[in-house]
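> This is the content of protein_8.txt (compact mmCIF, C-alpha atoms):
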# COMPACT_ATOMS: atom_id res chain seq x y z
CA ALA A 1 105.25 123.41 105.85
CA ALA A 2 101.89 125.04 106.60
CA THR A 3 101.96 126.90 103.31
CA PHE A 4 102.68 123.63 101.48
CA LEU A 5 99.82 121.84 103.25
CA ARG A 6 97.37 124.63 102.47
CA ALA A 7 98.45 124.79 98.81
CA ARG A 8 98.78 121.07 98.05
CA MET A 9 96.73 119.10 100.56
CA TRP A 10 93.72 121.29 101.34
CA ASP A 11 90.82 122.02 99.02
CA PRO A 12 88.91 125.00 100.41
CA ALA A 13 86.07 124.57 97.89
CA SER A 14 85.19 121.07 99.06
CA GLY A 15 86.54 121.39 102.59
CA VAL A 16 88.69 118.29 102.14
CA LEU A 17 92.06 117.84 103.82
CA LEU A 18 94.23 115.04 102.45
CA ARG A 19 96.70 113.01 104.46
CA ARG A 20 99.26 111.72 101.97
CA PHE A 21 101.53 113.40 99.42
CA ARG A 22 103.65 111.20 97.18
CA GLU A 23 105.28 111.72 93.80
CA GLY A 24 103.56 115.06 93.31
CA GLN A 25 100.08 113.76 94.14
CA ALA A 26 98.00 114.29 97.27
CA GLY A 27 95.45 111.68 98.25
CA ILE A 28 93.50 109.86 100.97
CA ASP A 29 91.03 111.87 103.00
CA ALA A 30 92.41 112.96 106.34
CA TYR A 31 91.39 111.41 109.65
CA ALA A 32 90.42 113.33 112.77
CA GLU A 33 94.00 113.06 114.04
CA ASP A 34 95.28 114.79 110.90
CA TYR A 35 92.92 117.71 111.40
CA ALA A 36 93.65 117.96 115.13
CA CYS A 37 97.43 117.93 114.73
CA LEU A 38 97.40 120.41 111.85
CA ILE A 39 95.17 122.77 113.84
CA PHE A 40 97.52 122.42 116.82
CA GLY A 41 100.47 123.29 114.59
CA LEU A 42 98.66 126.27 113.10
CA LEU A 43 97.89 127.62 116.57
CA GLU A 44 101.56 127.27 117.49
CA LEU A 45 102.53 128.98 114.21
CA PHE A 46 100.05 131.78 114.93
CA GLN A 47 101.93 132.50 118.16
CA ALA A 48 105.20 132.91 116.26
CA ASP A 49 103.78 134.59 113.14
CA PRO A 50 100.62 136.48 114.11
CA SER A 51 99.24 136.52 110.57
CA PRO A 52 95.47 136.20 110.88
CA ASP A 53 95.56 133.72 107.98
CA TRP A 54 96.86 130.97 110.29
CA LEU A 55 94.12 131.54 112.83
CA THR A 56 91.44 131.78 110.14
CA TRP A 57 92.56 128.48 108.62
CA ALA A 58 92.71 126.84 112.06
CA VAL A 59 89.09 127.91 112.72
CA THR A 60 88.00 126.63 109.29
CA LEU A 61 89.71 123.28 109.86
CA GLN A 62 88.19 122.99 113.34
CA GLU A 63 84.71 123.61 111.94
CA ARG A 64 85.31 120.93 109.32
CA GLN A 65 86.76 118.46 111.82
CA ASN A 66 83.69 118.90 113.99
CA GLU A 67 81.37 118.34 111.01
CA LEU A 68 83.11 115.13 110.01
CA PHE A 69 84.16 113.49 113.28
CA TRP A 70 82.39 114.97 116.34
CA ASP A 71 80.32 112.51 118.39
CA GLU A 72 77.25 114.52 119.29
CA ALA A 73 75.87 111.79 121.55
CA ASP A 74 78.87 111.20 123.82
CA GLY A 75 81.51 113.80 123.00
CA GLY A 76 84.98 113.31 121.58
CA TRP A 77 85.99 112.78 117.97
CA PHE A 78 85.82 109.56 115.99
CA SER A 79 88.93 108.74 113.94
CA THR A 80 86.99 108.29 110.70
CA THR A 81 83.94 109.87 109.10
CA GLY A 82 81.88 106.70 108.93
CA LYS A 83 81.32 107.14 105.20
CA ASP A 84 83.59 104.28 104.16
CA SER A 85 81.45 101.11 104.12
CA SER A 86 84.55 98.92 104.43
CA VAL A 87 85.18 100.32 107.93
CA LEU A 88 82.85 98.31 110.15
CA VAL A 89 83.29 100.25 113.40
CA ARG A 90 83.96 103.93 113.98
CA MET A 91 86.72 104.01 116.56
CA LYS A 92 87.27 106.76 119.08
CA GLU A 93 90.75 106.36 120.51
CA ASP A 94 91.15 106.68 124.27
CA TYR A 95 94.89 106.09 124.63
CA ASP A 96 97.57 108.72 124.11
CA GLY A 97 100.45 106.54 123.03
CA ALA A 98 103.27 107.74 120.80
CA GLU A 99 100.66 109.89 119.09
CA PRO A 100 97.98 111.59 121.17
CA THR A 101 94.35 110.97 120.32
CA ALA A 102 92.31 113.34 118.20
CA SER A 103 90.11 114.04 121.21
CA SER A 104 93.04 115.00 123.44
CA VAL A 105 94.61 117.34 120.90
CA SER A 106 91.21 118.77 119.93
CA VAL A 107 90.35 119.69 123.51
CA LEU A 108 93.59 121.67 123.70
CA ASN A 109 92.83 123.25 120.34
CA LEU A 110 89.32 124.23 121.38
CA LEU A 111 90.55 125.74 124.63
CA THR A 112 92.74 128.06 122.59
CA LEU A 113 90.25 128.66 119.77
CA SER A 114 87.33 129.40 122.09
CA HIS A 115 89.50 132.08 123.68
CA LEU A 116 90.48 133.58 120.31
CA SER A 117 87.23 133.18 118.36
CA GLU A 118 84.13 134.67 119.96
CA GLU A 119 81.90 133.34 117.17
CA HIS A 120 82.15 129.74 118.40
CA SER A 121 83.21 130.28 121.99
CA ALA A 122 80.09 128.89 123.72
CA GLU A 123 79.72 125.93 121.35
CA TRP A 124 83.37 124.96 121.57
CA SER A 125 83.51 125.39 125.34
CA ALA A 126 80.56 122.97 125.59
CA MET A 127 82.42 120.48 123.39
CA VAL A 128 85.46 120.72 125.67
CA GLU A 129 83.34 120.03 128.74
CA LYS A 130 81.51 117.13 127.09
CA THR A 131 84.78 115.51 126.02
CA LEU A 132 86.40 115.98 129.43
CA SER A 133 83.32 114.35 130.98
CA LEU A 134 83.63 111.45 128.53
CA PHE A 135 87.27 110.93 129.55
CA ALA A 136 86.77 111.62 133.28
CA GLN A 137 86.79 107.99 134.35
CA ARG A 138 89.79 107.22 132.15
CA LEU A 139 91.64 110.22 133.60
CA GLU A 140 90.81 109.15 137.14
CA GLN A 141 91.59 105.46 136.81
CA ALA A 142 94.40 105.41 134.24
CA GLY A 143 95.65 108.96 133.81
CA ARG A 144 99.02 107.72 132.56
CA GLY A 145 97.27 106.39 129.49
CA VAL A 146 95.97 109.81 128.45
CA PRO A 147 98.71 112.32 129.29
CA MET A 148 97.64 114.81 126.61
CA MET A 149 94.06 114.73 127.88
CA ALA A 150 95.43 115.26 131.40
CA ALA A 151 97.31 118.30 130.08
CA ALA A 152 94.07 119.51 128.49
CA LEU A 153 92.24 119.08 131.80
CA SER A 154 95.00 121.01 133.55
CA ALA A 155 94.76 123.84 130.99
CA TYR A 156 90.96 123.85 131.32
CA THR A 157 91.19 124.06 135.12
CA ALA A 158 93.84 126.81 135.05
CA GLY A 159 91.91 128.90 132.54
CA PRO A 160 93.26 130.87 129.59
CA GLN A 161 96.39 132.95 129.93
CA GLN A 162 97.46 135.53 127.42
CA ILE A 163 100.69 137.46 127.10
CA VAL A 164 100.86 140.32 124.65
CA VAL A 165 104.23 141.74 123.60
CA ILE A 166 104.12 145.12 121.89
CA GLY A 167 107.18 146.76 120.45
CA GLU A 168 109.39 147.29 117.47
Once more with this new file: its structure as C-alpha cells, please.

Amino acid sequence: AATFLRARMWDPASGVLLRRFREGQAGIDAYAEDYACLIFGLLELFQADPSPDWLTWAVTLQERQNELFWDEADGGWFSTTGKDSSVLVRMKEDYDGAEPTASSVSVLNLLTLSHLSEEHSAEWSAMVEKTLSLFAQRLEQAGRGVPMMAAALSAYTAGPQQIVVIGE
C-alpha cells in the first residue's frame, strides 16, 4: 500500500500528496489528516521493515505537512491549506471521533520522528509542546473527546522507549 501511495499519489517534485485514486487517476490535494495518517502508517511500517526509505519519506511528508497546515500562532494543524477561496474558515479539529484529528496523530508522529531524526528534533519537540498546550484545557475538561491526544500526552510524559533486536 505504501509503495502504491508513493508511486501513484505522491509527487516528490512538487511536494503534493493526493487523497483520491479512482479509475486510474489520482486527484484532490490531501488534507492534514491524510498526511498525518500516512506518516503514522509509515512509522509503523518502518518498525516492521527497517528500510530507511520509509523513515525518509515520513520525514519529508512531515516537513510538507508542517509547511501547509501548521498554525504558527497557536499550535496544532489546520485541516486545509487556506489556499482554496471557496473555504471560508480554516478549521482545526479538536475532537477525536471515529477518525482522530490531524493534531492528535501529528503529535504522536512528531514524538517518534523527533527521537529518530536529530535534524528537526528541537523544532518538532517545540511543536509537540505547543500543541499539547493548545489542547490542555480540552484534555482536562473533556479528555474523552480527544483520546488520541490523551495517548500522545501519555507518550510525551513517559518519554521515548526504544527496543533494538539484533540477530539473524
> When you draw a straight line from atom CA of Asp71 of chain A to atom CA of Ala36 of chain A, how long is it in Å?
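Pair atom CA of Asp71 of chain A / atom CA of Ala36 of chain A returns 14.8 Å.
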> Measuring atom to atom with all atoms listed in the file, identify which of A:Val105, A:Ile163, A:Met127, A:Ala30 is nearest to Val146 of chain A.
A:Val105
> Check the smallest atom-to-atom distance from each of A:Val107, A:Ser79, A:Leu113, A:Gln141 to Tyr156 of chain A using only C-alpha atoms, then report the winner.
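For Tyr156 of chain A, the nearest of the given residues is A:Val107.
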> Given all atoms listed in the file as the basis, pick out the residue of A:Phe40, A:Tyr31, A:Phe4, A:Phe46 nearest to Asn109 of chain A.
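Distance minimum relative to Asn109 of chain A lands on A:Phe40.
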> Kindly indicate which residue among A:Leu111, A:Leu17, A:Gly41, A:Gly159 lies nearest to Trp54 of chain A, using only C-alpha atoms for the distances.
A:Gly41
> Please supply segment 156-168 of chain A, rebuilt with N, CA, C and O atoms, as an mmCIF file, in the coordinates of the input.

data_model
loop_
_atom_site.group_PDB
_atom_site.id
_atom_site.type_symbol
_atom_site.label_atom_id
_atom_site.label_comp_id
_atom_site.auth_asym_id
_atom_site.auth_seq_id
_atom_site.Cartn_x
_atom_site.Cartn_y
_atom_site.Cartn_z
ATOM 1 N N TYR A 156 92.363 123.471 131.117
ATOM 2 C CA TYR A 156 90.960 123.850 131.320
ATOM 3 C C TYR A 156 90.766 124.383 132.744
ATOM 4 O O TYR A 156 90.127 125.409 132.954
ATOM 5 N N THR A 157 91.340 123.678 133.715
ATOM 6 C CA THR A 157 91.190 124.060 135.120
ATOM 7 C C THR A 157 91.895 125.386 135.406
ATOM 8 O O THR A 157 91.366 126.231 136.136
ATOM 9 N N ALA A 158 93.074 125.582 134.820
ATOM 10 C CA ALA A 158 93.840 126.810 135.050
ATOM 11 C C ALA A 158 93.215 128.021 134.369
ATOM 12 O O ALA A 158 93.375 129.146 134.827
ATOM 13 N N GLY A 159 92.504 127.793 133.282
ATOM 14 C CA GLY A 159 91.910 128.900 132.540
ATOM 15 C C GLY A 159 92.899 129.501 131.558
ATOM 16 O O GLY A 159 94.102 129.245 131.635
ATOM 17 N N PRO A 160 92.388 130.307 130.627
ATOM 18 C CA PRO A 160 93.260 130.870 129.590
ATOM 19 C C PRO A 160 94.212 131.918 130.157
ATOM 20 O O PRO A 160 93.872 132.655 131.083
ATOM 21 N N GLN A 161 95.404 131.934 129.602
ATOM 22 C CA GLN A 161 96.390 132.950 129.930
ATOM 23 C C GLN A 161 96.860 133.554 128.625
ATOM 24 O O GLN A 161 97.045 132.854 127.641
ATOM 25 N N GLN A 162 97.048 134.858 128.643
ATOM 26 C CA GLN A 162 97.460 135.530 127.420
ATOM 27 C C GLN A 162 98.545 136.517 127.761
ATOM 28 O O GLN A 162 98.435 137.277 128.713
ATOM 29 N N ILE A 163 99.602 136.511 126.966
ATOM 30 C CA ILE A 163 100.690 137.460 127.100
ATOM 31 C C ILE A 163 100.786 138.199 125.780
ATOM 32 O O ILE A 163 100.863 137.591 124.710
ATOM 33 N N VAL A 164 100.771 139.519 125.841
ATOM 34 C CA VAL A 164 100.860 140.320 124.650
ATOM 35 C C VAL A 164 102.154 141.127 124.714
ATOM 36 O O VAL A 164 102.399 141.815 125.695
ATOM 37 N N VAL A 165 102.981 140.987 123.691
ATOM 38 C CA VAL A 165 104.230 141.740 123.600
ATOM 39 C C VAL A 165 104.064 142.777 122.503
ATOM 40 O O VAL A 165 103.760 142.430 121.363
ATOM 41 N N ILE A 166 104.252 144.017 122.859
ATOM 42 C CA ILE A 166 104.120 145.120 121.890
ATOM 43 C C ILE A 166 105.446 145.835 121.805
ATOM 44 O O ILE A 166 106.053 146.166 122.825
ATOM 45 N N GLY A 167 105.916 146.066 120.605
ATOM 46 C CA GLY A 167 107.180 146.760 120.450
ATOM 47 C C GLY A 167 107.629 146.732 119.022
ATOM 48 O O GLY A 167 106.929 146.262 118.130
ATOM 49 N N GLU A 168 108.813 147.254 118.811
ATOM 50 C CA GLU A 168 109.390 147.290 117.470
ATOM 51 C C GLU A 168 109.638 145.894 116.968
ATOM 52 O O GLU A 168 110.100 145.041 117.657
#
